[in-house]
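Student: The structure that follows is given in the form of structure tokens.
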Amino acid sequence: MHCEDATRTLSAAQERDLDLGERVSLQLHLAICPPCRDFGRQLGFLREAMRTYARTPDDSGGVERDDQSESTE
Amino acid sequence: MSTVTPEASGGAGGLDDPQFVTDLRRRMLRFATLQLSDAALAEDAVQEAFVGALRGAGNFQGRAAYRSWVFAILRNKIADQLRAQLRYSSLPAPEAPEPDPVAENMFESDGHWTEDAAPASWGDPHAALQDSQFWRVFEACLDHLPGQQARLFMLREFVELDSHEICSAAGVTTSNLNVSLHRARLRLRSCLEQHWFGPDADARPSGSAEAGK
């Protein structure tokens, strides 16, 4: 397994359970590849961030102020 | 539906502030339009979400709670609409993913990361979730996803449909969905690293960069 495959497998793991073969290949690759380990952690964070975003879309309450021209209809 | 407008409800959840309502409505409309690919349906969904939220408006303390609530309603409206489209089937032909040179060029021909694209460590990224600047960057990165990737990614991660529902509603195969989600994730994490988490990130306010490390 190379890095592109590993990222594809890590992405698939967000959608379904990996089979045994996939898990073994992935773990063997991750053991020797720090960037792919970081990628995997970051996917977990992305999901968490998306959930947070979906529930509290913008904590700042403000959006860019250069859009005020839009009418309120 | 009655003719009640968001402004008419007085103080609940900040609805008496036209700027707040305008901003919120624009964000909702942008999201709904992206998902439904139909301006009129999007307009209806947003309208219904506002009306639905108004029914419970008295229960809200503050804007953040109101915003969460109204977006939750909107997500449900969109999910219902997509399921209805599935049922009454005006399904588009299955689309193959568009070529995406940006995501493809993150890897060498032998499948290894290119030097520029290889992920760096983000440390513990969770502090960013509390930072309003981060959410601006996050949203900008989402906006930069190509159309089809953006739609599928948002269906998966924002509307939280499962893969099966997305494939039916969007008329894509599982394998095409996986390709699009993979690319969207590659792009999104790359964008966040470039603009927020990376050593040379350009959007993070100076001073907060290494705070607490």
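For the structure tokens, the naming scheme is as follows: chains receive sequential letters (A, B, ...) according to their order of presentation, residues are indexed from 1 within each chain, and ligands are indexed from 1 in presentation order.
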Which residues are near Pro35 of chain A? Cut-off 7 Å, only C-alpha atoms, ignore same chain within fewer than 3 positions. Put them as a PyMOL selection string.

Tutor: (chain A and resi 38-39) or (chain B and resi 118-120)

Student: Can you list, as a ChimeraX atom specification, every protein, DNA or RNA residue that comes within 9 Å of Gln42 of chain A when you count only C-alpha atoms, leaving out same-chain residues fewer than 3 positions away?

Tutor: /A:37-39,45-47 /B:119,121-122,125,189

Student: As an exercise, work out the distance from atom CA of Phe71 of chain B to atom CA of Ala54 of chain A in Å and give it to one decimal place.

Tutor: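 Result for atom CA of Phe71 of chain B versus atom CA of Ala54 of chain A: 7.3 Å, one decimal.
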
Student: Given a cut-off of 6 Å, which residues of chain B touch chain A, counting only C-alpha atoms, written out as an NGL selection string?

Tutor: :B and (22 or 68 or 111-112 or 118-119 or 121 or 132 or 158 or 182)

Student: I need the chosen residues saved as a compact mmCIF listing (two decimals), in the first residue's frame, with C-alpha atoms.

Tutor:
# COMPACT_ATOMS: atom_id res chain seq x y z
CA THR B 22 -30.15 38.97 6.81
CA SER B 68 -28.45 26.08 15.72
CA GLY B 111 1.50 7.10 -5.02
CA HIS B 112 3.58 8.92 -2.43
CA ALA B 118 2.31 15.83 2.64
CA PRO B 119 0.27 16.55 5.77
CA SER B 121 0.99 17.55 12.34
CA SER B 132 -14.70 32.50 15.28
CA PHE B 158 -23.59 18.31 7.16
CA HIS B 182 -11.84 11.30 -0.72

Student: Using atom CA of Ala79 of chain B and atom CA of Thr173 of chain B as the two end points, give the distance in Å to one decimal.

Tutor: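 Here the two named atoms are 18.9 Å from each other.
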
Student: Could you pull out the residues in segment 102-203 of chain B that DSSP calls helix (DSSP H, G or I) from the backbone, as a PyMOL selection string?

Tutor: chain B and resi 102-104+125-130+132-143+147-157+163-170+174-197

Student: Considering only C-alpha atoms, return as a ChimeraX atom specification whatever protein or nucleic-acid residues lie within 12 Å of segment 139-143 of chain B, sequence-local ones (same chain, fewer than 2 positions apart) excluded.

Tutor: /A:46,49-50,53-54,57-58,63-64 /B:27,30-31,34,132-137,145-154,157-158,184-196,203

Student: Could you take the residues named above and write them with N, CA and C atoms, as a CSV table (one decimal), in the first residue's frame?

Tutor:
chain,number,residue,atom,x,y,z
A,46,LEU,N,-11.9,16.6,11.0
A,46,LEU,CA,-12.8,17.2,10.0
A,46,LEU,C,-14.2,16.8,10.3
A,49,ALA,N,-15.4,18.7,13.3
A,49,ALA,CA,-15.6,20.1,12.9
A,49,ALA,C,-16.9,20.3,12.1
A,50,MET,N,-17.2,19.4,11.2
A,50,MET,CA,-18.4,19.5,10.4
A,50,MET,C,-19.6,19.4,11.3
A,53,TYR,N,-20.0,22.6,13.1
A,53,TYR,CA,-20.4,23.6,12.1
A,53,TYR,C,-21.9,23.4,11.8
A,54,ALA,N,-22.3,22.2,11.7
A,54,ALA,CA,-23.7,22.0,11.3
A,54,ALA,C,-24.7,22.4,12.4
A,57,PRO,N,-23.6,27.0,13.2
A,57,PRO,CA,-22.9,27.4,12.0
A,57,PRO,C,-21.9,28.5,12.1
A,58,ASP,N,-22.1,29.5,12.9
A,58,ASP,CA,-21.2,30.6,13.0
A,58,ASP,C,-21.3,31.2,14.4
A,63,VAL,N,-20.9,38.0,9.8
A,63,VAL,CA,-20.4,37.5,8.5
A,63,VAL,C,-19.6,38.6,8.0
A,64,GLU,N,-18.9,38.5,6.9
A,64,GLU,CA,-18.2,39.6,6.4
A,64,GLU,C,-19.1,40.8,6.2
B,27,ARG,N,-26.9,32.8,4.6
B,27,ARG,CA,-26.1,31.6,4.8
B,27,ARG,C,-27.0,30.4,4.6
B,30,ARG,N,-27.7,30.0,0.8
B,30,ARG,CA,-26.5,29.5,0.1
B,30,ARG,C,-26.4,28.0,0.2
B,31,PHE,N,-26.6,27.6,1.5
B,31,PHE,CA,-26.4,26.1,1.8
B,31,PHE,C,-27.5,25.4,1.1
B,34,LEU,N,-27.1,25.2,-2.7
B,34,LEU,CA,-26.0,24.2,-3.1
B,34,LEU,C,-26.6,22.8,-3.0
B,132,SER,N,-13.8,32.1,16.4
B,132,SER,CA,-14.7,32.5,15.3
B,132,SER,C,-13.9,32.7,14.0
B,133,GLN,N,-12.7,33.2,14.1
B,133,GLN,CA,-11.8,33.3,12.9
B,133,GLN,C,-11.7,32.0,12.2
B,134,PHE,N,-11.5,30.9,13.0
B,134,PHE,CA,-11.3,29.6,12.4
B,134,PHE,C,-12.5,29.2,11.5
B,135,TRP,N,-13.7,29.6,12.0
B,135,TRP,CA,-14.9,29.2,11.3
B,135,TRP,C,-15.0,29.9,10.0
B,136,ARG,N,-14.5,31.1,9.9
B,136,ARG,CA,-14.5,31.8,8.7
B,136,ARG,C,-13.6,31.1,7.7
B,137,VAL,N,-12.4,30.7,8.1
B,137,VAL,CA,-11.5,30.0,7.3
B,137,VAL,C,-12.1,28.7,6.8
B,145,LEU,N,-14.4,24.0,-2.5
B,145,LEU,CA,-14.6,22.7,-3.0
B,145,LEU,C,-15.4,22.8,-4.4
B,146,PRO,N,-15.0,22.1,-5.4
B,146,PRO,CA,-15.7,22.1,-6.6
B,146,PRO,C,-17.2,21.6,-6.4
B,147,GLY,N,-18.1,22.1,-7.2
B,147,GLY,CA,-19.5,21.9,-7.0
B,147,GLY,C,-20.0,20.5,-6.6
B,148,GLN,N,-19.7,19.5,-7.4
B,148,GLN,CA,-20.2,18.2,-7.1
B,148,GLN,C,-19.6,17.6,-5.9
B,149,GLN,N,-18.3,17.8,-5.7
B,149,GLN,CA,-17.6,17.4,-4.4
B,149,GLN,C,-18.3,18.1,-3.2
B,150,ALA,N,-18.5,19.4,-3.4
B,150,ALA,CA,-19.1,20.2,-2.3
B,150,ALA,C,-20.5,19.6,-1.9
B,151,ARG,N,-21.3,19.3,-2.9
B,151,ARG,CA,-22.7,18.8,-2.7
B,151,ARG,C,-22.6,17.5,-1.9
B,152,LEU,N,-21.8,16.6,-2.5
B,152,LEU,CA,-21.7,15.2,-1.9
B,152,LEU,C,-21.1,15.3,-0.5
B,153,PHE,N,-20.1,16.1,-0.3
B,153,PHE,CA,-19.5,16.2,1.0
B,153,PHE,C,-20.4,16.7,2.0
B,154,MET,N,-21.2,17.8,1.6
B,154,MET,CA,-22.1,18.4,2.6
B,154,MET,C,-23.3,17.5,2.9
B,157,GLU,N,-21.6,15.0,5.4
B,157,GLU,CA,-21.1,15.5,6.7
B,157,GLU,C,-21.9,16.6,7.3
B,158,PHE,N,-22.8,17.2,6.6
B,158,PHE,CA,-23.6,18.3,7.2
B,158,PHE,C,-25.0,17.9,7.3
B,184,ALA,N,-12.6,15.5,-1.7
B,184,ALA,CA,-13.1,16.7,-0.9
B,184,ALA,C,-12.3,16.7,0.5
B,185,ARG,N,-12.0,15.6,1.0
B,185,ARG,CA,-11.3,15.5,2.3
B,185,ARG,C,-9.9,16.0,2.1
B,186,LEU,N,-9.3,15.5,1.0
B,186,LEU,CA,-7.9,15.9,0.7
B,186,LEU,C,-7.8,17.4,0.6
B,187,ARG,N,-8.8,18.0,-0.2
B,187,ARG,CA,-8.7,19.4,-0.4
B,187,ARG,C,-9.0,20.2,0.9
B,188,LEU,N,-10.0,19.7,1.6
B,188,LEU,CA,-10.3,20.5,2.8
B,188,LEU,C,-9.2,20.5,3.8
B,189,ARG,N,-8.6,19.4,4.1
B,189,ARG,CA,-7.5,19.4,5.1
B,189,ARG,C,-6.3,20.2,4.6
B,190,SER,N,-6.1,20.1,3.3
B,190,SER,CA,-5.0,20.9,2.7
B,190,SER,C,-5.2,22.4,2.9
B,191,CYS,N,-6.5,22.8,2.6
B,191,CYS,CA,-6.9,24.2,2.7
B,191,CYS,C,-6.7,24.7,4.2
B,192,LEU,N,-7.2,23.8,5.1
B,192,LEU,CA,-7.1,24.2,6.5
B,192,LEU,C,-5.6,24.3,7.0
B,193,GLU,N,-4.8,23.4,6.5
B,193,GLU,CA,-3.4,23.4,6.9
B,193,GLU,C,-2.7,24.7,6.3
B,194,GLN,N,-3.1,25.0,5.1
B,194,GLN,CA,-2.5,26.2,4.4
B,194,GLN,C,-2.9,27.5,5.1
B,195,HIS,N,-4.2,27.5,5.6
B,195,HIS,CA,-4.7,28.8,6.1
B,195,HIS,C,-4.8,28.9,7.6
B,196,TRP,N,-4.7,27.8,8.3
B,196,TRP,CA,-4.9,27.8,9.7
B,196,TRP,C,-3.8,27.0,10.5
B,203,ALA,N,-3.9,32.8,7.8
B,203,ALA,CA,-5.2,33.5,8.3
B,203,ALA,C,-5.2,33.6,9.8

Student: So the first atom is atom CA of Gln81 of chain B and the second is atom CA of Leu41 of chain B; what is the distance between them in Å, to one decimal place?

Tutor: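 So the answer is 8.5 Å.
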
Student: Counting only C-alpha atoms, which residue out of B:Leu24, B:Leu36, B:Leu54, B:Val179 sits closest to Lys77 of chain B?

Tutor: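 Smallest separation from Lys77 of chain B among the options: B:Leu36.
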